[in-house]
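A.B. asks: Provided below: entry25.json, containing JSON, C-alpha atoms.
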[["chain", "number", "residue", "atom", "x", "y", "z"],
["A", 1, "MET", "CA", 100.24, 137.77, 91.82],
["A", 2, "ASN", "CA", 103.45, 137.66, 93.86],
["A", 3, "GLN", "CA", 104.23, 140.93, 95.60],
["A", 4, "ILE", "CA", 106.99, 140.67, 98.17],
["A", 5, "CYS", "CA", 108.23, 143.07, 100.86],
["A", 6, "ASP", "CA", 111.37, 142.01, 102.73],
["A", 7, "SER", "CA", 113.57, 143.51, 105.46],
["A", 8, "SER", "CA", 115.83, 142.28, 108.23],
["A", 9, "ARG", "CA", 112.92, 141.61, 110.63],
["A", 10, "GLN", "CA", 109.80, 141.69, 108.48],
["A", 11, "PHE", "CA", 108.60, 139.85, 105.42],
["A", 12, "ALA", "CA", 105.33, 140.00, 103.49],
["A", 13, "ALA", "CA", 104.09, 138.41, 100.29],
["A", 14, "GLN", "CA", 100.79, 138.81, 98.45],
["A", 15, "LEU", "CA", 99.85, 135.55, 96.70],
["A", 16, "ALA", "CA", 97.07, 134.11, 94.60],
["A", 17, "ALA", "CA", 94.39, 132.29, 96.62],
["A", 18, "THR", "CA", 95.14, 128.96, 94.95],
["A", 19, "PRO", "CA", 96.78, 125.73, 96.13],
["A", 20, "ARG", "CA", 99.88, 126.85, 94.23],
["A", 21, "GLY", "CA", 99.82, 130.17, 96.12],
["A", 22, "ALA", "CA", 99.62, 128.29, 99.44],
["A", 23, "ARG", "CA", 102.63, 126.14, 98.48],
["A", 24, "ARG", "CA", 104.52, 129.26, 97.41],
["A", 25, "ALA", "CA", 103.78, 130.93, 100.77],
["A", 26, "ARG", "CA", 105.42, 128.01, 102.57],
["A", 27, "GLN", "CA", 108.44, 128.09, 100.23],
["A", 28, "LEU", "CA", 108.95, 131.82, 100.65],
["A", 29, "VAL", "CA", 108.69, 131.58, 104.44],
["A", 30, "VAL", "CA", 111.24, 128.75, 104.56],
["A", 31, "GLU", "CA", 113.62, 130.85, 102.43],
["A", 32, "ARG", "CA", 113.19, 133.89, 104.68],
["A", 33, "LEU", "CA", 113.58, 131.94, 107.95],
["A", 34, "THR", "CA", 116.70, 130.25, 106.60],
["A", 35, "ALA", "CA", 118.14, 133.68, 105.73],
["A", 36, "TRP", "CA", 117.35, 134.84, 109.28],
["A", 37, "GLY", "CA", 119.07, 131.75, 110.71],
["A", 38, "LEU", "CA", 115.90, 130.40, 112.32],
["A", 39, "PRO", "CA", 114.50, 126.86, 112.44],
["A", 40, "THR", "CA", 111.99, 126.25, 109.66],
["A", 41, "ASP", "CA", 110.05, 123.06, 110.42],
["A", 42, "GLY", "CA", 107.46, 124.37, 112.90],
["A", 43, "PRO", "CA", 106.89, 127.76, 111.26],
["A", 44, "ALA", "CA", 106.67, 126.14, 107.80],
["A", 45, "LEU", "CA", 103.93, 123.82, 109.02],
["A", 46, "VAL", "CA", 102.04, 126.72, 110.62],
["A", 47, "VAL", "CA", 102.22, 128.72, 107.37],
["A", 48, "ALA", "CA", 101.19, 125.69, 105.32],
["A", 49, "GLU", "CA", 98.08, 125.16, 107.47],
["A", 50, "LEU", "CA", 97.08, 128.83, 107.67],
["A", 51, "ALA", "CA", 97.66, 129.38, 103.94],
["A", 52, "ALA", "CA", 95.67, 126.24, 103.09],
["A", 53, "ASN", "CA", 92.82, 127.56, 105.25],
["A", 54, "ALA", "CA", 92.98, 130.96, 103.53],
["A", 55, "VAL", "CA", 92.81, 129.30, 100.12],
["A", 56, "THR", "CA", 90.09, 126.82, 101.11],
["A", 57, "HIS", "CA", 87.86, 128.82, 103.45],
["A", 58, "GLY", "CA", 88.91, 132.45, 102.94],
["A", 59, "ARG", "CA", 88.94, 132.63, 99.17],
["A", 60, "VAL", "CA", 87.04, 135.28, 97.26],
["A", 61, "SER", "CA", 87.21, 135.13, 93.48],
["A", 62, "GLY", "CA", 89.78, 137.57, 92.14],
["A", 63, "ARG", "CA", 91.39, 138.28, 95.51],
["A", 64, "GLY", "CA", 94.55, 136.80, 96.95],
["A", 65, "PHE", "CA", 95.87, 136.34, 100.45],
["A", 66, "GLN", "CA", 98.88, 137.71, 102.26],
["A", 67, "VAL", "CA", 101.48, 136.00, 104.45],
["A", 68, "GLU", "CA", 103.55, 138.10, 106.83],
["A", 69, "LEU", "CA", 106.42, 137.43, 109.22],
["A", 70, "GLU", "CA", 107.71, 139.69, 111.94],
["A", 71, "LEU", "CA", 110.68, 138.90, 114.17],
["A", 72, "GLY", "CA", 111.08, 140.90, 117.35],
["A", 73, "GLY", "CA", 111.47, 140.57, 121.09],
["A", 74, "GLY", "CA", 112.25, 136.87, 120.89],
["A", 75, "VAL", "CA", 109.01, 136.15, 119.03],
["A", 76, "LEU", "CA", 108.31, 135.12, 115.44],
["A", 77, "ARG", "CA", 104.83, 136.30, 114.47],
["A", 78, "ILE", "CA", 103.21, 134.68, 111.45],
["A", 79, "GLU", "CA", 100.11, 136.27, 109.92],
["A", 80, "VAL", "CA", 97.91, 135.13, 107.08],
["A", 81, "VAL", "CA", 95.36, 137.68, 105.86],
["A", 82, "ASP", "CA", 92.41, 136.72, 103.67],
["A", 83, "THR", "CA", 89.27, 138.49, 102.45],
["A", 84, "ARG", "CA", 86.64, 136.41, 104.25],
["A", 85, "GLY", "CA", 86.31, 138.20, 107.56],
["A", 86, "ASP", "CA", 82.88, 136.62, 107.93],
["A", 87, "ARG", "CA", 84.45, 133.15, 108.27],
["A", 88, "VAL", "CA", 86.32, 133.00, 111.57],
["A", 89, "PRO", "CA", 88.24, 129.76, 112.13],
["A", 90, "CYS", "CA", 88.01, 127.87, 115.37],
["A", 91, "LEU", "CA", 89.45, 124.71, 116.84],
["A", 92, "ARG", "CA", 87.30, 121.65, 116.38],
["A", 93, "ASP", "CA", 87.77, 117.95, 116.75],
["A", 94, "ALA", "CA", 88.24, 116.25, 113.43],
["A", 95, "GLU", "CA", 86.27, 113.11, 113.10],
["A", 96, "GLY", "CA", 88.30, 109.89, 113.32],
["A", 97, "GLY", "CA", 88.83, 109.13, 109.64],
["A", 98, "ALA", "CA", 88.33, 112.65, 108.30],
["A", 99, "GLU", "CA", 91.03, 113.90, 105.95],
["A", 100, "ALA", "CA", 90.44, 117.54, 106.90],
["A", 101, "GLY", "CA", 89.78, 119.55, 110.03],
["A", 102, "ARG", "CA", 93.07, 119.10, 111.87],
["A", 103, "GLY", "CA", 94.96, 122.17, 110.64],
["A", 104, "LEU", "CA", 94.26, 124.49, 113.55],
["A", 105, "VAL", "CA", 94.89, 121.66, 116.01],
["A", 106, "LEU", "CA", 98.40, 121.43, 114.53],
["A", 107, "VAL", "CA", 98.81, 125.21, 114.65],
["A", 108, "ALA", "CA", 97.76, 125.25, 118.32],
["A", 109, "ALA", "CA", 100.21, 122.44, 119.11],
["A", 110, "ILE", "CA", 103.16, 124.19, 117.41],
["A", 111, "ALA", "CA", 102.51, 127.85, 118.22],
["A", 112, "ASP", "CA", 102.96, 129.38, 121.64],
["A", 113, "ARG", "CA", 99.95, 131.62, 120.95],
["A", 114, "TRP", "CA", 97.50, 132.01, 118.10],
["A", 115, "GLY", "CA", 94.32, 133.87, 117.33],
["A", 116, "VAL", "CA", 92.25, 135.86, 114.88],
["A", 117, "ASP", "CA", 92.13, 139.63, 114.38],
["A", 118, "PRO", "CA", 89.05, 140.90, 112.52],
["A", 119, "GLY", "CA", 89.19, 143.53, 109.78],
["A", 120, "PRO", "CA", 89.51, 145.89, 108.34],
["A", 121, "ALA", "CA", 86.48, 144.72, 106.40],
["A", 122, "PRO", "CA", 86.26, 142.46, 104.53],
["A", 123, "ARG", "CA", 89.48, 140.92, 105.84],
["A", 124, "LYS", "CA", 90.66, 138.92, 108.82],
["A", 125, "THR", "CA", 94.12, 137.99, 110.04],
["A", 126, "VAL", "CA", 94.86, 134.58, 111.48],
["A", 127, "TRP", "CA", 98.12, 134.76, 113.41],
["A", 128, "ALA", "CA", 100.45, 132.52, 115.34],
["A", 129, "GLU", "CA", 103.40, 133.40, 117.53],
["A", 130, "LEU", "CA", 106.37, 131.16, 118.21],
["A", 131, "ASP", "CA", 108.88, 132.03, 120.89],
["A", 132, "VAL", "CA", 112.38, 132.06, 119.45],
["A", 133, "PRO", "CA", 114.91, 131.30, 122.21],
["A", 134, "GLY", "CA", 118.16, 133.22, 121.96],
["A", 135, "ARG", "CA", 116.72, 136.04, 119.84],
["A", 136, "LEU", "CA", 115.83, 138.39, 122.71],
["A", 137, "GLY", "CA", 118.33, 141.18, 123.22],
["A", 138, "HIS", "CA", 119.78, 141.19, 119.70],
["A", 139, "GLY", "CA", 118.41, 144.61, 118.82],
["A", 140, "ASP", "CA", 114.93, 143.24, 118.21],
["A", 141, "VAL", "CA", 111.96, 145.38, 119.04],
["A", 142, "GLY", "CA", 109.26, 144.02, 121.31],
["A", 143, "SER", "CA", 106.55, 141.82, 119.89],
["A", 144, "HIS", "CA", 103.18, 143.37, 119.30],
["A", 145, "ASP", "CA", 100.62, 141.83, 121.59],
["A", 146, "PRO", "CA", 97.25, 140.87, 120.13],
["A", 147, "VAL", "CA", 94.33, 143.01, 121.21],
["A", 148, "VAL", "CA", 91.56, 140.73, 120.06],
["A", 149, "ARG", "CA", 90.27, 137.46, 121.33],
["A", 150, "ASP", "CA", 92.66, 134.57, 121.59],
["A", 151, "VAL", "CA", 91.00, 131.39, 120.36],
["A", 152, "THR", "CA", 93.54, 129.11, 122.00],
["A", 153, "PRO", "CA", 91.65, 126.62, 124.23]]
Could you quickly redo this structure as structure tokens?

C.D. replies:
Amino acid sequence: MNQICDSSRQFAAQLAATPRGARRARQLVVERLTAWGLPTDGPALVVAELAANAVTHGRVSGRGFQVELELGGGVLRIEVVDTRGDRVPCLRDAEGGAEAGRGLVLVAAIADRWGVDPGPAPRKTVWAELDVPGRLGHGDVGSHDPVVRDVTP
């Protein structure tokens, strides 16, 4: 299940909620950011973490997840939409030797802003915004500001 929508400032892909789908989300985002002439390391890590969370915690049998990018107003907005709106992620301290639980800590460290938008039911959108220096004033439209709670500490 790979459905892709692509334009000069927006990108979206519908993927299977599997580990392979999460890897593919990261690959597609790196390809798109490279085509846009943007750095890939930070955004790729954000997508990898959010997609892994969607596959691990937001999976519903038979339903995929969506990754979206929007570039505008000097901001790169990354969104990952899954079908478990009842499971809202939050920052937590991972225990010392734990192999999991650090993903959102990494997202918070890389992103300039991040949060969760509920719905429409049964979905939720986990988003992150990264300021992109030098992109303001190149015909980009303004970024859309979140209207729901910001879970950044």

A.B. asks: In Å, rounded to a single decimal, give me how far atom CA of A:Ser7 is from atom CA of A:Phe65.

C.D. replies: 19.7 Å

A.B. asks: Which residues are near A:Val46? Cut-off 7 Å, only C-alpha atoms, ignore same chain within fewer than 4 positions. Put them as a ChimeraX atom specification.

C.D. replies: /A:42,50,107

A.B. asks: So the first atom is atom CA of A:Arg113 and the second is atom CA of A:Leu33; what is the distance between them in Å, to one decimal place?

C.D. replies: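 Atom CA of A:Leu33 lies at a distance of 18.8 Å from atom CA of A:Arg113.
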
A.B. asks: So what do you get for atom CA of A:Arg102 versus atom CA of A:Ala52, distance-wise?

C.D. replies: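 A separation of 11.6 Å between them.
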
A.B. asks: With a distance cut-off of 12 Å and only C-alpha atoms, select the neighbouring residues of A:Glu68, excluding the residue or stretch itself and same-chain residues fewer than 3 positions from it, and output the selection as an mmCIF file with C-alpha atoms, in the coordinates of the input.

C.D. replies:
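Contents of part15.cif, freshly written:
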data_model
loop_
_atom_site.group_PDB
_atom_site.id
_atom_site.type_symbol
_atom_site.label_atom_id
_atom_site.label_comp_id
_atom_site.auth_asym_id
_atom_site.auth_seq_id
_atom_site.Cartn_x
_atom_site.Cartn_y
_atom_site.Cartn_z
ATOM 1 C CA GLN A 3 104.230 140.930 95.600
ATOM 2 C CA ILE A 4 106.990 140.670 98.170
ATOM 3 C CA CYS A 5 108.230 143.070 100.860
ATOM 4 C CA ASP A 6 111.370 142.010 102.730
ATOM 5 C CA SER A 7 113.570 143.510 105.460
ATOM 6 C CA ARG A 9 112.920 141.610 110.630
ATOM 7 C CA GLN A 10 109.800 141.690 108.480
ATOM 8 C CA PHE A 11 108.600 139.850 105.420
ATOM 9 C CA ALA A 12 105.330 140.000 103.490
ATOM 10 C CA ALA A 13 104.090 138.410 100.290
ATOM 11 C CA GLN A 14 100.790 138.810 98.450
ATOM 12 C CA LEU A 15 99.850 135.550 96.700
ATOM 13 C CA ALA A 25 103.780 130.930 100.770
ATOM 14 C CA ARG A 26 105.420 128.010 102.570
ATOM 15 C CA LEU A 28 108.950 131.820 100.650
ATOM 16 C CA VAL A 29 108.690 131.580 104.440
ATOM 17 C CA ARG A 32 113.190 133.890 104.680
ATOM 18 C CA LEU A 33 113.580 131.940 107.950
ATOM 19 C CA PRO A 43 106.890 127.760 111.260
ATOM 20 C CA VAL A 47 102.220 128.720 107.370
ATOM 21 C CA LEU A 50 97.080 128.830 107.670
ATOM 22 C CA ALA A 51 97.660 129.380 103.940
ATOM 23 C CA PHE A 65 95.870 136.340 100.450
ATOM 24 C CA LEU A 71 110.680 138.900 114.170
ATOM 25 C CA LEU A 76 108.310 135.120 115.440
ATOM 26 C CA ARG A 77 104.830 136.300 114.470
ATOM 27 C CA ILE A 78 103.210 134.680 111.450
ATOM 28 C CA GLU A 79 100.110 136.270 109.920
ATOM 29 C CA VAL A 80 97.910 135.130 107.080
ATOM 30 C CA VAL A 81 95.360 137.680 105.860
ATOM 31 C CA ASP A 82 92.410 136.720 103.670
ATOM 32 C CA THR A 125 94.120 137.990 110.040
ATOM 33 C CA VAL A 126 94.860 134.580 111.480
ATOM 34 C CA TRP A 127 98.120 134.760 113.410
ATOM 35 C CA ALA A 128 100.450 132.520 115.340
ATOM 36 C CA GLU A 129 103.400 133.400 117.530
#

A.B. asks: Between A:Pro118, A:Gly134, A:Gly64, A:Pro89, single out the one closest to A:Gly103, counting all atoms listed in the file.

C.D. replies: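 Distance minimum relative to A:Gly103 lands on A:Pro89.
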
A.B. asks: My list of candidates is A:Ala48, A:Thr83, A:Val132, A:Leu91. Which is closest to A:Ser61 when distances are computed with all atoms listed in the file?

C.D. replies: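 Using all atoms listed in the file, A:Ser61 sits closest to A:Thr83.
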